[in-house]
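The file upload31.cif contains mmCIF, C-alpha atoms:
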data_target
loop_
_atom_site.label_atom_id
_atom_site.label_comp_id
_atom_site.auth_asym_id
_atom_site.auth_seq_id
_atom_site.Cartn_x
_atom_site.Cartn_y
_atom_site.Cartn_z
CA MET A 262 0.00 0.00 0.00
CA ALA A 263 1.33 3.36 -1.07
CA ASP A 264 0.78 5.17 2.22
CA LYS A 265 2.33 2.48 4.39
CA LYS A 266 4.58 4.03 6.98
CA VAL A 267 7.85 2.65 8.33
CA TRP A 268 8.12 2.97 12.11
CA PHE A 269 11.40 2.83 14.04
CA ILE A 270 10.62 2.09 17.69
CA THR A 271 13.14 1.95 20.54
CA GLY A 272 12.60 -0.14 23.64
CA ALA A 273 10.29 -2.59 21.86
CA GLY A 274 11.38 -5.62 23.88
CA ARG A 275 9.19 -4.93 26.88
CA GLY A 276 6.73 -2.48 28.32
CA ILE A 277 4.80 0.06 26.31
CA GLY A 278 7.12 -0.17 23.31
CA VAL A 279 5.63 -3.60 22.58
CA ASP A 280 2.18 -2.02 22.34
CA PHE A 281 3.49 0.69 20.01
CA ALA A 282 4.96 -1.93 17.68
CA LYS A 283 1.83 -4.08 17.71
CA ALA A 284 -0.42 -1.09 17.01
CA ALA A 285 1.65 0.02 14.02
CA LEU A 286 1.71 -3.51 12.59
CA ALA A 287 -2.05 -3.87 13.14
CA ALA A 288 -2.54 -0.65 11.17
CA GLY A 289 -0.75 -2.22 8.21
CA ASP A 290 2.49 -0.33 8.64
CA ALA A 291 6.05 -1.67 8.68
CA VAL A 292 7.96 -1.68 11.95
CA VAL A 293 11.62 -1.71 12.91
CA ALA A 294 11.40 -2.92 16.51
CA THR A 295 14.59 -2.40 18.45
CA GLY A 296 15.86 -3.44 21.86
CA ARG A 297 19.00 -4.40 23.71
CA HIS A 298 17.99 -8.06 23.47
CA THR A 299 16.53 -9.06 20.12
CA GLY A 300 15.22 -12.34 21.51
CA ALA A 301 13.00 -10.43 23.93
CA VAL A 302 11.65 -8.30 21.08
CA ILE A 303 10.77 -11.36 19.01
CA ASP A 304 9.16 -13.04 22.03
CA THR A 305 6.93 -10.06 22.81
CA VAL A 306 6.16 -8.50 19.42
CA GLY A 307 6.07 -11.76 17.49
CA GLU A 308 6.87 -12.23 13.83
CA ALA A 309 5.41 -10.52 10.77
CA ASP A 310 6.36 -9.91 7.15
CA ASP A 311 6.67 -6.18 7.76
CA LEU A 312 8.64 -6.50 11.00
CA LEU A 313 12.40 -6.11 11.33
CA VAL A 314 13.95 -6.76 14.74
CA VAL A 315 17.27 -5.01 15.34
CA LYS A 316 19.62 -4.85 18.33
CA LEU A 317 19.90 -1.35 19.73
CA ASP A 318 21.31 -0.04 22.97
CA ILE A 319 20.34 3.62 22.69
CA THR A 320 23.33 4.70 24.77
CA SER A 321 25.60 3.52 21.92
CA ARG A 322 25.96 5.85 18.94
CA ALA A 323 27.42 3.00 16.91
CA ASP A 324 24.38 0.83 17.69
CA ALA A 325 22.07 3.66 16.62
CA GLU A 326 23.82 4.15 13.29
CA ALA A 327 23.90 0.40 12.59
CA ALA A 328 20.21 0.00 13.43
CA VAL A 329 19.22 2.86 11.14
CA GLN A 330 21.32 1.38 8.34
CA ALA A 331 19.61 -1.99 8.82
CA ALA A 332 16.21 -0.28 8.63
CA LEU A 333 17.15 1.43 5.37
CA GLU A 334 18.47 -1.78 3.83
CA ARG A 335 15.17 -3.52 4.60
CA PHE A 336 12.57 -0.80 4.02
CA GLY A 337 14.37 2.08 2.28
CA ARG A 338 12.98 4.80 4.52
CA ILE A 339 11.96 5.76 8.06
CA ASP A 340 8.74 7.71 8.49
CA VAL A 341 8.08 7.62 12.23
CA LEU A 342 10.70 7.46 14.97
CA VAL A 343 9.39 6.65 18.45
CA ASN A 344 11.91 7.50 21.16
CA ASN A 345 10.50 5.21 23.82
CA ALA A 346 13.31 3.28 25.51
CA GLY A 347 14.02 4.44 29.04
CA ASN A 348 14.32 3.57 32.71
CA PHE A 349 13.65 5.12 36.11
CA TYR A 350 16.14 5.94 38.87
CA ALA A 351 13.97 6.90 41.83
CA GLY A 352 15.16 8.48 45.04
CA TYR A 353 16.03 11.67 46.83
CA PHE A 354 18.64 13.75 45.04
CA GLU A 355 21.15 13.58 47.89
CA GLU A 356 20.83 9.80 48.10
CA LEU A 357 21.12 9.16 44.37
CA THR A 358 24.78 8.69 43.49
CA PRO A 359 26.35 10.86 40.79
CA GLU A 360 26.77 7.66 38.76
CA GLN A 361 23.04 6.88 39.02
CA ILE A 362 22.12 10.38 37.90
CA GLU A 363 24.54 10.15 35.00
CA ARG A 364 23.04 6.80 33.94
CA GLN A 365 19.55 8.30 34.13
CA LEU A 366 20.49 11.23 31.92
CA THR A 367 22.42 9.00 29.54
CA THR A 368 19.52 6.63 28.96
CA ASN A 369 16.56 9.02 29.00
CA LEU A 370 18.11 12.10 27.38
CA VAL A 371 21.34 11.32 25.56
CA GLY A 372 19.97 7.99 24.31
CA PRO A 373 17.08 9.54 22.36
CA MET A 374 19.54 12.14 21.04
CA ASN A 375 21.80 9.35 19.74
CA VAL A 376 18.97 7.68 17.86
CA THR A 377 17.51 10.92 16.55
CA ARG A 378 20.92 12.05 15.32
CA ALA A 379 21.16 8.82 13.32
CA VAL A 380 17.64 9.12 11.89
CA LEU A 381 17.56 12.83 11.00
CA PRO A 382 19.74 12.60 7.86
CA VAL A 383 17.28 10.02 6.50
CA MET A 384 14.26 12.21 7.19
CA ARG A 385 15.95 15.34 5.83
CA LYS A 386 16.72 13.51 2.59
CA GLN A 387 13.10 12.33 2.39
CA ARG A 388 11.87 15.84 3.28
CA SER A 389 9.40 14.12 5.58
CA GLY A 390 9.24 12.36 8.91
CA HIS A 391 7.75 12.39 12.38
CA ILE A 392 9.71 12.14 15.64
CA ILE A 393 7.55 11.03 18.57
CA SER A 394 9.33 11.24 21.91
CA ILE A 395 7.87 9.68 25.04
CA SER A 396 8.21 12.04 27.98
CA SER A 397 6.22 11.80 31.20
CA GLY A 398 4.06 13.73 33.60
CA ALA A 399 7.46 14.31 35.22
CA GLY A 400 8.42 16.22 32.09
CA LEU A 401 5.78 18.80 33.01
CA VAL A 402 5.95 18.86 36.81
CA GLY A 403 8.79 17.97 39.16
CA PHE A 404 7.98 15.42 41.84
CA GLU A 405 9.55 14.46 45.14
CA PHE A 406 11.66 11.29 44.77
CA CYS A 407 11.91 11.86 40.98
CA SER A 408 14.69 14.44 40.69
CA ALA A 409 16.91 12.49 38.29
CA TYR A 410 14.01 11.25 36.16
CA ALA A 411 12.41 14.69 35.95
CA ALA A 412 15.77 16.24 35.05
CA ALA A 413 16.05 13.85 32.10
CA LYS A 414 12.46 14.37 30.96
CA PHE A 415 12.58 18.15 31.31
CA GLY A 416 15.77 18.03 29.26
CA LEU A 417 14.10 15.87 26.63
CA GLU A 418 11.28 18.37 26.30
CA GLY A 419 13.54 21.40 25.99
CA TRP A 420 15.59 19.60 23.36
CA ILE A 421 12.57 18.47 21.31
CA GLU A 422 10.84 21.85 21.50
CA SER A 423 14.03 23.45 20.17
CA LEU A 424 14.60 20.74 17.57
CA ALA A 425 11.05 21.18 16.25
CA ALA A 426 11.86 24.60 14.82
CA GLU A 427 15.16 23.38 13.37
CA VAL A 428 13.70 20.48 11.38
CA ALA A 429 10.31 21.92 10.40
CA PRO A 430 11.71 23.40 7.14
CA PHE A 431 12.46 19.83 6.00
CA GLY A 432 8.90 18.58 6.48
CA ILE A 433 9.76 16.83 9.77
CA HIS A 434 7.23 16.96 12.61
CA THR A 435 7.88 16.39 16.31
CA THR A 436 5.48 15.30 19.04
CA ILE A 437 6.16 15.13 22.77
CA VAL A 438 3.95 12.55 24.49
CA ASN A 439 3.25 12.98 28.20
CA PRO A 440 1.73 9.73 29.45
CA GLY A 441 0.05 9.61 32.80
CA PHE A 442 0.09 6.32 34.69
CA PHE A 443 -0.18 3.44 32.23
CA ARG A 444 -0.07 -0.18 33.26
CA THR A 445 3.41 -0.88 31.93
CA GLU A 446 6.56 -2.50 33.28
CA LEU A 447 8.24 0.81 34.15
CA LEU A 448 7.82 0.26 37.90
CA THR A 449 9.10 -3.32 37.89
CA ASN A 450 12.57 -4.21 39.13
CA GLU A 451 13.80 -4.54 35.53
CA SER A 452 13.12 -0.87 34.79
CA THR A 453 13.20 0.93 38.15
CA SER A 454 16.20 1.34 40.46
CA TYR A 455 15.89 2.95 43.89
CA ALA A 456 18.56 4.97 45.65
CA GLU A 457 20.05 3.30 48.71
CA SER A 458 19.10 4.82 52.03
CA SER A 459 22.12 6.79 53.21
CA ILE A 460 20.83 9.91 55.00
CA ASP A 461 18.76 9.57 58.16
CA ASP A 462 16.89 12.83 57.57
CA TYR A 463 15.15 11.27 54.56
CA ALA A 464 14.37 7.89 56.16
CA ASP A 465 10.71 8.42 57.06
CA ASN A 466 9.76 10.14 53.82
CA ARG A 467 11.73 7.57 51.86
CA ALA A 468 9.76 4.73 53.44
CA GLN A 469 6.49 6.45 52.52
CA GLN A 470 7.65 7.04 48.95
CA LEU A 471 8.75 3.43 48.50
CA GLU A 472 5.44 2.17 49.82
CA TRP A 473 3.53 4.43 47.44
CA TRP A 474 5.58 3.60 44.33
CA ASN A 475 5.51 -0.13 44.99
CA ALA A 476 1.74 0.04 45.43
CA GLN A 477 1.36 1.72 42.01
CA ASN A 478 2.99 -1.15 40.12
CA GLY A 479 0.28 -3.09 38.31
CA GLN A 480 -2.45 -0.69 39.43
CA GLN A 481 -2.00 2.05 36.83
CA GLY A 482 -5.24 3.02 35.08
CA GLY A 483 -4.02 3.67 31.54
CA ASP A 484 -4.27 1.03 28.79
CA PRO A 485 -0.98 0.78 26.84
CA ALA A 486 -2.73 -0.80 23.82
CA LYS A 487 -4.99 2.24 23.56
CA LEU A 488 -1.99 4.55 23.75
CA GLY A 489 -0.40 2.55 20.93
CA ARG A 490 -3.48 3.08 18.76
CA ALA A 491 -3.50 6.76 19.70
CA LEU A 492 0.06 7.13 18.39
CA VAL A 493 -1.02 5.55 15.09
CA THR A 494 -3.84 8.10 14.87
CA ILE A 495 -1.45 10.99 15.58
CA ALA A 496 1.11 9.72 13.07
CA ASN A 497 -1.53 9.80 10.36
CA GLU A 498 -2.53 13.41 10.95
CA GLU A 499 -1.40 15.92 8.37
CA GLN A 500 -0.38 18.32 11.14
CA PRO A 501 0.47 16.17 14.17
CA PRO A 502 0.29 17.84 17.60
CA ARG A 503 3.49 19.22 19.04
CA ARG A 504 2.38 17.73 22.36
CA PHE A 505 -0.01 14.92 23.25
CA LEU A 506 -1.23 14.59 26.83
CA ALA A 507 -1.98 10.90 27.24
CA GLY A 508 -4.61 10.24 29.86
CA ALA A 509 -6.96 12.28 32.02
CA ASP A 510 -4.31 12.33 34.75
CA ALA A 511 -1.80 13.83 32.34
CA ILE A 512 -4.28 16.56 31.43
CA GLY A 513 -4.73 17.24 35.14
CA LEU A 514 -0.99 17.70 35.60
CA ALA A 515 -0.81 20.06 32.62
CA GLU A 516 -3.69 22.12 33.99
CA GLN A 517 -1.93 22.21 37.37
CA LYS A 518 1.25 23.45 35.67
CA VAL A 519 -0.60 26.17 33.76
CA ALA A 520 -2.37 27.33 36.92
CA ASP A 521 0.89 27.39 38.87
CA LEU A 522 2.64 29.44 36.20
CA GLN A 523 -0.25 31.89 36.08
CA GLU A 524 -0.18 32.23 39.87
CA GLN A 525 3.57 32.96 39.82
CA ILE A 526 3.15 35.50 37.01
CA GLU A 527 0.47 37.37 38.93
CA ALA A 528 2.22 37.16 42.29
CA GLN A 529 5.47 38.70 41.03
CA GLY A 530 4.26 40.55 37.94
CA ALA A 531 5.08 44.05 39.18
CA LEU A 532 8.60 43.09 40.21
CA SER A 533 9.16 41.09 37.02
CA THR A 534 8.21 44.01 34.78
CA SER A 535 10.31 46.54 36.71
CA LEU A 536 13.64 45.16 35.55
CA ALA A 537 14.22 46.99 32.28
CA LEU A 538 17.16 49.35 31.96
CA ASP A 539 16.21 52.86 32.93
CA GLU A 540 16.56 55.42 30.13
CA LEU A 541 19.84 57.25 30.54
CA GLU A 542 18.17 60.45 29.40
CA PRO A 543 14.55 61.31 28.80
CA HIS A 544 13.30 61.08 25.23
CA GLY A 545 13.30 64.32 23.28
CA SER A 546 16.24 65.92 25.12
CA GLY A 547 17.38 67.40 21.80
CA ARG A 548 20.75 65.74 21.87
#

For the file at hand, write its structure as structure tokens.
Amino acid sequence: MADKKVWFITGAGRGIGVDFAKAALAAGDAVVATGRHTGAVIDTVGEADDLLVVKLDITSRADAEAAVQAALERFGRIDVLVNNAGNFYAGYFEELTPEQIERQLTTNLVGPMNVTRAVLPVMRKQRSGHIISISSGAGLVGFEFCSAYAAAKFGLEGWIESLAAEVAPFGIHTTIVNPGFFRTELLTNESTSYAESSIDDYADNRAQQLEWWNAQNGQQGGDPAKLGRALVTIANEEQPPRRFLAGADAIGLAEQKVADLQEQIEAQGALSTSLALDELEPHGSGR
């Protein structure tokens, strides 16, 4: 079919990436499903004529370039990139080690940059393409116990919002997706790492946070399959949204953020607008 799209999806071996791949295949599109372990991708996504499974560790630039080349050799083009692969380092900032924070930023921010850098020359040559990047509610609002994760997601959003203007002249669209709580594997031991308790001052709050986060696993209200189908819908729009708030809870967070910004604007408006340089001389002095 002439309008068949080729999707390139990271993190398709487990979690919500599996649902993205299955939704694109069900829509009749071709999919390059990538993951660190190709066996896991095959086990979860299955096999199909229009499916190519490729090894990709997004923290490796060489992996990203090789995976893109494999996609081109099989399908000749890439129409939709889904930056999905990620993990979660939870904990209080002081208790997270510098190495944990670096790993969080490397996977959730630098990783998508590596893959996008490899895909962009293809899309520029095509003069078309769509980059869908999975952010989070923590890309809109910072949360206690999520400092490293929010730092990565806020960074992702600033990068994509800036990139959008750079690539628009080449017919390339970008969409930031802010999912609320979806019933995925993000909160399982395979995807979430917790900071070790090391500072007594945080002990009580840390215990409460751990109890809350562990209770959320498997109880999230969002349906990943529906989100997968929503991405297919968005990818087929002539003018895709720059941002998609996925779930009523995500909309609630965005409304909270807007209200908070408005409150801060109004609370400090007079001081904020008083900061311009004073005129050295009054206008019309004749000089």

TODO: Pick out the closest residue to A:Ala486 from this set: A:Phe443, A:Ser394, A:Phe354, A:Val383. Count all atoms listed in the file.
DONE: A:Phe443

- [ ] For atom CA of A:Val292 and atom CA of A:Leu366, determine how far apart the two atoms are, in Å to one decimal place.
- [x] 26.9 Å

Task: Among listed residues A:Leu532, A:Ala426, A:Ala507, A:Ile319, nearest A:Asp484 (using only C-alpha atoms) - done: A:Ala507

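Between A:Leu381 and the residues A:Arg297, A:Arg338, A:Lys487, A:Arg275, the shortest atom-to-atom distance, using all atoms listed in the file, involves A:Arg338.
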
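Using only C-alpha atoms, the shortest contact distance between A:Leu342 and any of A:Ala509, A:Thr435, A:Ser408, A:Gly300 is found at A:Thr435.
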
Task: Among the residues A:Met384, A:Ala288, A:Ala409, A:Ala511, the one that comes closest to A:Gln361 [using all atoms listed in the file] - done: A:Ala409

TODO: Run the PyMOL selection byres ((chain A and resi 455-466) around 7) against the file shown and list the residues it catches, as a PyMOL selection string.
DONE: chain A and resi 350-352+356-357+453-454+467-470

Task: Proximity to A:Trp420 - best of A:Gly289, A:Gly398, A:Pro373, A:Pro440, all atoms listed in the file - done: A:Pro373

Task: Straight-line distance linking atom CA of A:Gln525 with atom CA of A:Gly416, stated in Å to one decimal - done: 22.0 Å

The PyMOL selection byres ((chain A and resi 367) around 12) - which residues does that actually catch in the file I just gave you? List them as a PDB file with C-alpha atoms, keeping the file's coordinate frame.
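The result, stored in result_36.pdb:
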ATOM      1  CA  ASP A 318      21.310  -0.040  22.970  1.00  0.00           C
ATOM      2  CA  ILE A 319      20.340   3.620  22.690  1.00  0.00           C
ATOM      3  CA  THR A 320      23.330   4.700  24.770  1.00  0.00           C
ATOM      4  CA  SER A 321      25.600   3.520  21.920  1.00  0.00           C
ATOM      5  CA  ARG A 322      25.960   5.850  18.940  1.00  0.00           C
ATOM      6  CA  ALA A 346      13.310   3.280  25.510  1.00  0.00           C
ATOM      7  CA  GLY A 347      14.020   4.440  29.040  1.00  0.00           C
ATOM      8  CA  ASN A 348      14.320   3.570  32.710  1.00  0.00           C
ATOM      9  CA  PHE A 349      13.650   5.120  36.110  1.00  0.00           C
ATOM     10  CA  TYR A 350      16.140   5.940  38.870  1.00  0.00           C
ATOM     11  CA  GLU A 360      26.770   7.660  38.760  1.00  0.00           C
ATOM     12  CA  GLN A 361      23.040   6.880  39.020  1.00  0.00           C
ATOM     13  CA  ILE A 362      22.120  10.380  37.900  1.00  0.00           C
ATOM     14  CA  GLU A 363      24.540  10.150  35.000  1.00  0.00           C
ATOM     15  CA  ARG A 364      23.040   6.800  33.940  1.00  0.00           C
ATOM     16  CA  GLN A 365      19.550   8.300  34.130  1.00  0.00           C
ATOM     17  CA  LEU A 366      20.490  11.230  31.920  1.00  0.00           C
ATOM     18  CA  THR A 368      19.520   6.630  28.960  1.00  0.00           C
ATOM     19  CA  ASN A 369      16.560   9.020  29.000  1.00  0.00           C
ATOM     20  CA  LEU A 370      18.110  12.100  27.380  1.00  0.00           C
ATOM     21  CA  VAL A 371      21.340  11.320  25.560  1.00  0.00           C
ATOM     22  CA  GLY A 372      19.970   7.990  24.310  1.00  0.00           C
ATOM     23  CA  PRO A 373      17.080   9.540  22.360  1.00  0.00           C
ATOM     24  CA  MET A 374      19.540  12.140  21.040  1.00  0.00           C
ATOM     25  CA  ASN A 375      21.800   9.350  19.740  1.00  0.00           C
ATOM     26  CA  ALA A 409      16.910  12.490  38.290  1.00  0.00           C
ATOM     27  CA  TYR A 410      14.010  11.250  36.160  1.00  0.00           C
ATOM     28  CA  ALA A 412      15.770  16.240  35.050  1.00  0.00           C
ATOM     29  CA  ALA A 413      16.050  13.850  32.100  1.00  0.00           C
ATOM     30  CA  LYS A 414      12.460  14.370  30.960  1.00  0.00           C
ATOM     31  CA  GLY A 416      15.770  18.030  29.260  1.00  0.00           C
ATOM     32  CA  LEU A 417      14.100  15.870  26.630  1.00  0.00           C
TER      33      LEU A 417
END

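Under the PyMOL selection byres ((chain A and resi 504) around 10), the matching residues in the shown file are A:Ile393, A:Ser394, A:Ser396, A:Glu418, A:Glu422, A:Thr435, A:Thr436, A:Ile437, A:Val438, A:Asn439, A:Pro501, A:Pro502, A:Arg503, A:Phe505, A:Leu506, A:Ala507.
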
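Note that atom CA of A:Lys518 and atom CA of A:Val402 are 6.7 Å apart.
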
- [ ] May I have the residues within 10 Å of A:Pro430 as a ChimeraX atom specification, using only C-alpha atoms and disregarding those fewer than 6 positions away in the same chain?
- [x] /A:385,388-389

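When the distance limit is 10 Å and only C-alpha atoms are what count, the residues near A:Ala285, minus those fewer than 5 positions from it on the same chain, are Lys265, Lys266, Val267, Trp268, Ile270, Asp280, Asp290, Ala291, Val292, Gly489, Arg490, Leu492, Val493, Thr494 and Ala496 of chain A.
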
Coords for stretch 386-402 of chain A, N, CA, C and O atoms, as a short mmCIF file (atom, residue, chain, number, x, y, z; two decimals), in the first residue's frame:
data_model
loop_
_atom_site.label_atom_id
_atom_site.label_comp_id
_atom_site.auth_asym_id
_atom_site.auth_seq_id
_atom_site.Cartn_x
_atom_site.Cartn_y
_atom_site.Cartn_z
N LYS A 386 16.63 13.91 4.00
CA LYS A 386 16.72 13.51 2.59
C LYS A 386 15.34 13.24 2.01
O LYS A 386 15.05 13.60 0.87
N GLN A 387 14.48 12.62 2.82
CA GLN A 387 13.10 12.33 2.39
C GLN A 387 12.26 13.60 2.30
O GLN A 387 11.24 13.63 1.63
N ARG A 388 12.69 14.64 3.08
CA ARG A 388 11.87 15.84 3.28
C ARG A 388 10.54 15.49 3.94
O ARG A 388 9.50 16.11 3.68
N SER A 389 10.60 14.51 4.83
CA SER A 389 9.40 14.12 5.58
C SER A 389 9.82 13.24 6.75
O SER A 389 10.88 12.61 6.72
N GLY A 390 8.97 13.21 7.76
CA GLY A 390 9.24 12.36 8.91
C GLY A 390 8.52 12.88 10.14
O GLY A 390 8.02 14.01 10.16
N HIS A 391 8.45 12.04 11.14
CA HIS A 391 7.75 12.39 12.38
C HIS A 391 8.52 11.76 13.55
O HIS A 391 8.69 10.55 13.59
N ILE A 392 8.98 12.60 14.46
CA ILE A 392 9.71 12.14 15.64
C ILE A 392 8.77 12.24 16.84
O ILE A 392 8.37 13.34 17.24
N ILE A 393 8.42 11.09 17.39
CA ILE A 393 7.55 11.03 18.57
C ILE A 393 8.42 10.64 19.76
O ILE A 393 9.05 9.58 19.76
N SER A 394 8.47 11.50 20.76
CA SER A 394 9.33 11.24 21.91
C SER A 394 8.47 11.09 23.16
O SER A 394 7.65 11.96 23.47
N ILE A 395 8.67 9.97 23.86
CA ILE A 395 7.87 9.68 25.04
C ILE A 395 8.49 10.37 26.25
O ILE A 395 9.58 10.01 26.68
N SER A 396 7.79 11.34 26.76
CA SER A 396 8.21 12.04 27.98
C SER A 396 7.45 11.44 29.15
O SER A 396 7.37 10.22 29.29
N SER A 397 6.86 12.28 29.97
CA SER A 397 6.22 11.80 31.20
C SER A 397 5.46 12.96 31.82
O SER A 397 5.67 14.13 31.44
N GLY A 398 4.60 12.66 32.78
CA GLY A 398 4.06 13.73 33.60
C GLY A 398 5.19 14.45 34.31
O GLY A 398 5.11 15.66 34.59
N ALA A 399 6.28 13.72 34.58
CA ALA A 399 7.46 14.31 35.22
C ALA A 399 8.29 15.13 34.25
O ALA A 399 9.35 15.64 34.61
N GLY A 400 7.83 15.26 33.01
CA GLY A 400 8.42 16.22 32.09
C GLY A 400 7.70 17.56 32.15
O GLY A 400 8.17 18.55 31.59
N LEU A 401 6.56 17.58 32.83
CA LEU A 401 5.78 18.80 33.01
C LEU A 401 5.93 19.37 34.41
O LEU A 401 5.97 20.58 34.61
N VAL A 402 5.96 18.48 35.40
CA VAL A 402 5.95 18.86 36.81
C VAL A 402 7.02 18.04 37.54
O VAL A 402 7.11 16.83 37.34
#
